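Participant: I am attaching a structure below and will ask some questions about it afterwards.
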Amino acid sequence: MIRAYKFLMRPTVGQQVALGEILRDHCSLYNGALQERRDAYRHPSKTSVKYGTQSAQVKDIRAFDPERQGRWSFSSQQATLRRLDKAMQAFFRRVKSGDTPGYPRFRGVNWFDTVEFPKDGDGCRWDSTPHDPVTRVRFQGVGHVKVNQHRAVTGKVKTVSVKREGRRWFVVLTAEQDRPEPLPPTGSVVGIDLGIASFLADSHGGFVPNPRHGRTGAAKLETAQRALSRFPRVRRDKRTGNHRRAVEKVTKLHGRVRRQRLDHAHKTALGLVRVHDFIAHEDLKIRNMGKAPAPKPDQAGAFLPNGAAAKAGLNRSIADAGWGVFLTILHAKAESAGREVIAVDPRNTSRECPECGHTAKENRPTQEKFHCLACGHTAHADTVGATNVLRAGLVRRDANPA
Ligand SMILES: [Zn+2]
C-alpha cells in the first residue's frame with residue numbers, strides 16, 4: 001500500500017532561487033524532448049522517438065550544459081522524460097481508439113510545477129539531517145531544505161517530489177506501508193452506542209468506561225486556558241514571564257489530554273476489531289444535527305446547584321471530541337484488519353424496543369433505564385441503543401452487500 005505525504009518546505013532565499021532553476025531546467029528539458037518528438041512525427045516517415053533514445057541523450061546534454069542541466073540529478077531528469085513519454089503514450093492510445101486528441105503541449109515555465117525524484121537517496125535525501133530536531137530534505141544542486149513536518153512518516157520513502165504552489169514550496173513523498181495481515185473471521189457482529197456516562201455500550205451488554213483522568217485532565221486544561229485568556233494579546237517576544245508560563249501550561253495539558261484520548265481510542269478500537277467481523281455505530285453527523293447546541297436556561301440542569309449545567313456542557317464537549325477521534329481510528333483499524341464498519345442513522349435507536357418494536361419516548365423513563373410500555377422488556381438504555389444500531393447496520397449491509 002502506497003501512502004502520500006505533503007509537507008511545506010521553508011527554503012532560504014538562495015534555495016528558493018535554486019528550486020526555481022530546477023523547475024526551469026526540467027521544463028526546458030521536457031519541451032526540448034517534446035520538440036524532438038514533434039519533428040519526428042511531422043516528418044514524412046512518421047518516425048517515433050522512444051523514451052530509451054531520449055533518456056540516452058541526457059548524458060550528452062548534461063556534458064554539453066554543465067552550468068545548467070549538469071547541475072541536477074540524472075534520475076529526476078529521466079523522470080521528467082518519462083512523464084513526457086506517458087503523455088505521448090496516452091495521446092497515441094487515444095488516436096488509435098478513434099479520438100482526435102490534442103498533441104501534447106509545450107509547457108510554459110509557470111505551468112511546470114513538479115520535479116520528481118524516483119528514488120529516495122538518488123539525487124535527493126528525505127530526512128537528510130536525522131539527528132537535528134528540524135527535518136530537512138536534501139536535493140542535489142539545492143542543499144538541505146527545512147521542512148515543516150507536521151506528522152510522522154511511516155514506512156519506507158520511495159519517491160520524493162518538489163512541488164511549487166503559488167509562492168510556496170512543498171515536498172511530496174510516497175512511502176510504502178506494510179499492509180497488516182487481515183484478522184481471521186470470528187463470525188461475531190456488534191453495535192455500539194457512544195455515550196457520556198460510559199464511553200461506549202455494546203449490543204452484547206458490555207461497557208467501556210471513559211478514559212481514566214479524562215475529565216480531570218480536561219477540567220485542568222480549561223482552567224489553564226481561562227488563566228491564559230486573562231493576559232493581553234501581544235507578540236511572543238513582548239510576553240511577561242507569567243504569560244509565557246501560562247502558555248506553556250496550556251500546551252503541556254493540551255498534549256496530555258490528547259495523548260490520553262488517543263491511547264484510549266486505540267485500545268478500545270483494537271478491542272472491537274479483534275473480536276468482531278462487523279461493527280455498526282451511530283452516524284455522529286446526523287446525531288449532532290438533532291442536538292441542542294448548548295444547555296438552555298429552561299432545561300432542568302440549569303436549576304441544579306454547583307454549576308451542574310456548565311459541567312454537563314463540558315462533559316458533552318469532551319465526549320464529542322473523543323468520539324470523533326475514536327471513530328476515525330476505528331475505521332482505519334477495521335480497514336487494515338479486513339473488518340466492516342457501518343455508520344447508521346441514529347434516530348429512534350434509543351426509543352425502539354428491540355423485543356417487540358414498540359417505539360415511544362416513554363420507553364425510556366430515565367437516562368439509563370429502558371422499559372418497554374408494550375411488552376415490559378427492561379434493559380440498560382445504552383445496550384438497547386447499541387442493539388438497535390446493530391440491527392440498522394445489518395439491514396444496511398444486507399441491502400448493499402460488499
Ligand atoms: Zn417491547
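Following the order of the C-alpha cells, chains are lettered A, B, ..., residues in each are numbered from 1, and ligands are numbered from 1.
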Taking only C-alpha atoms and all ligand atoms into account, which residues have an atom no farther than 8 Å from ligand 1? I'd like them as a PyMOL selection string.

Facilitator: chain A and resi 352-358+371-377

Participant: Got time to write the residues from that selection, C-alpha atoms, as a PDB file, in the first residue's frame?

Facilitator:
ATOM      1  CA  GLU A 352     -37.430   1.452  19.970  1.00  0.00           C
ATOM      2  CA  CYS A 353     -37.942  -1.807  21.838  1.00  0.00           C
ATOM      3  CA  PRO A 354     -35.578  -4.473  20.464  1.00  0.00           C
ATOM      4  CA  GLU A 355     -38.042  -7.223  21.522  1.00  0.00           C
ATOM      5  CA  CYS A 356     -41.355  -6.039  20.097  1.00  0.00           C
ATOM      6  CA  GLY A 357     -40.533  -2.966  18.019  1.00  0.00           C
ATOM      7  CA  HIS A 358     -42.755  -0.608  20.046  1.00  0.00           C
ATOM      8  CA  HIS A 371     -38.659  -0.224  29.979  1.00  0.00           C
ATOM      9  CA  CYS A 372     -40.948  -1.118  27.097  1.00  0.00           C
ATOM     10  CA  LEU A 373     -44.519   0.032  27.711  1.00  0.00           C
ATOM     11  CA  ALA A 374     -45.899  -2.587  25.310  1.00  0.00           C
ATOM     12  CA  CYS A 375     -44.082  -5.811  26.215  1.00  0.00           C
ATOM     13  CA  GLY A 376     -42.341  -4.958  29.507  1.00  0.00           C
ATOM     14  CA  HIS A 377     -38.791  -5.607  28.214  1.00  0.00           C
TER      15      HIS A 377
END

Participant: Using DSSP assignments from the backbone, pull out every residue in region 17-251 of chain A that falls under strand (DSSP E) and give it to me as a VMD selection string.

Facilitator: chain A and resid 114 to 117 124 to 126 135 to 139 143 to 148 156 to 165 168 to 176 189 to 194 200 to 202 207 to 208

Participant: Just how far from CA of Lys86 (chain A) is CA of Gly102 (chain A), in Å to one decimal?

Facilitator: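 CA of Lys86 (chain A) lies 14.4 Å from CA of Gly102 (chain A).
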
Participant: Let me make sure I understand: among A:Val171, A:Ala334, A:Ala280, A:Ile329, which one has the smallest atom-to-atom distance to Asp202 (chain A) if we use only C-alpha atoms?

Facilitator: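 For Asp202 (chain A), the nearest of the candidates is A:Ala280.
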
Participant: Please, what distance in Å, to one decimal, runs between CA of Pro184 (chain A) and CA of Leu272 (chain A)?

Facilitator: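 Between CA of Pro184 (chain A) and CA of Leu272 (chain A) the gap is 13.6 Å.
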
Participant: Between CA of Arg71 (chain A) and CA of Gly141 (chain A), measure the distance and give it in Å to one decimal.

Facilitator: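 It comes out at 5.8 Å.
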
Participant: I'd like the contact shell of Asp127 (chain A) - 10 Å cut-off, only C-alpha atoms, skipping same-chain residues fewer than 6 positions apart - returned as a list in words.

Facilitator: Asp120, Val134, Thr135, Arg136, Val137, Arg138, His144, Val145, Lys146, Val147 and Gln149 of chain A

Participant: Choose the residue, out of A:Gly324, A:Gly385, A:Gly241, A:Gly393, that has the smallest atom-to-atom separation from Asn348 (chain A); count only C-alpha atoms.

Facilitator: A:Gly385

Participant: Return the single residue from A:Arg215, A:Asp263, A:Thr366, A:Thr186 that is closest to Arg339 (chain A), with distances computed using only C-alpha atoms.

Facilitator: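 Once distances to Arg339 (chain A) are computed over only C-alpha atoms, the minimum belongs to A:Thr186.
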
Participant: Can you check which parts of region 98-141 of chain A lie within 8 Å of region 28-50 of chain A? Per residue, the shortest pair of atoms and distance in Å to one decimal, counting only C-alpha atoms, sorted by chain and number, as a tab-separated table.

Facilitator:
residue	atom	partner	partner_atom	distance
A:Pro104	CA	A:Leu34	CA	7.9
A:Phe106	CA	A:Asn31	CA	5.5
A:Arg107	CA	A:Asn31	CA	6.6
A:Val109	CA	A:Ser28	CA	8.0

Participant: I'd like to know which of A:Gly255, A:Gly143, A:Gly20, A:Pro232 is closest to Asp113 (chain A), using only C-alpha atoms.

Facilitator: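 The shortest atom-to-atom distance to Asp113 (chain A) comes from A:Gly20.
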
Participant: Mind checking DSSP for region 73-230 of chain A and telling me the alpha helix (DSSP H) residues as number ranges by chain?

Facilitator: A: 74-96, 214-229

Participant: Excluding same-chain residues fewer than 3 positions from Arg261 (chain A), what lies within 8 Å of it counting only C-alpha atoms, as a PyMOL selection string?

Facilitator: chain A and resi 211+214+257-258+264-265+322+325

Participant: I'd like the contact shell of Val384 (chain A) - 8 Å cut-off, only C-alpha atoms, skipping same-chain residues fewer than 2 positions apart - returned as a count of residues only.

Facilitator: 13

Participant: Need to verify the contact set: Ser198 (chain A), 10 Å, only C-alpha atoms, exclusion of same-chain residues closer than 3 positions in sequence. Can you return it as a list in words?

Facilitator: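 Selected residues are Asp193, Leu194, Gly195, Ala201, Phe207, Val208, Pro209, Asn210, Pro211, Ala319 and Asp382 of chain A.
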
Participant: Point out the residue among A:Met9, A:Ile61, A:Leu327, A:Ala269 with the least atom-to-atom distance to Asp25 (chain A), counting only C-alpha atoms.

Facilitator: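 With only C-alpha atoms as the atom set, the closest residue is A:Ile61.
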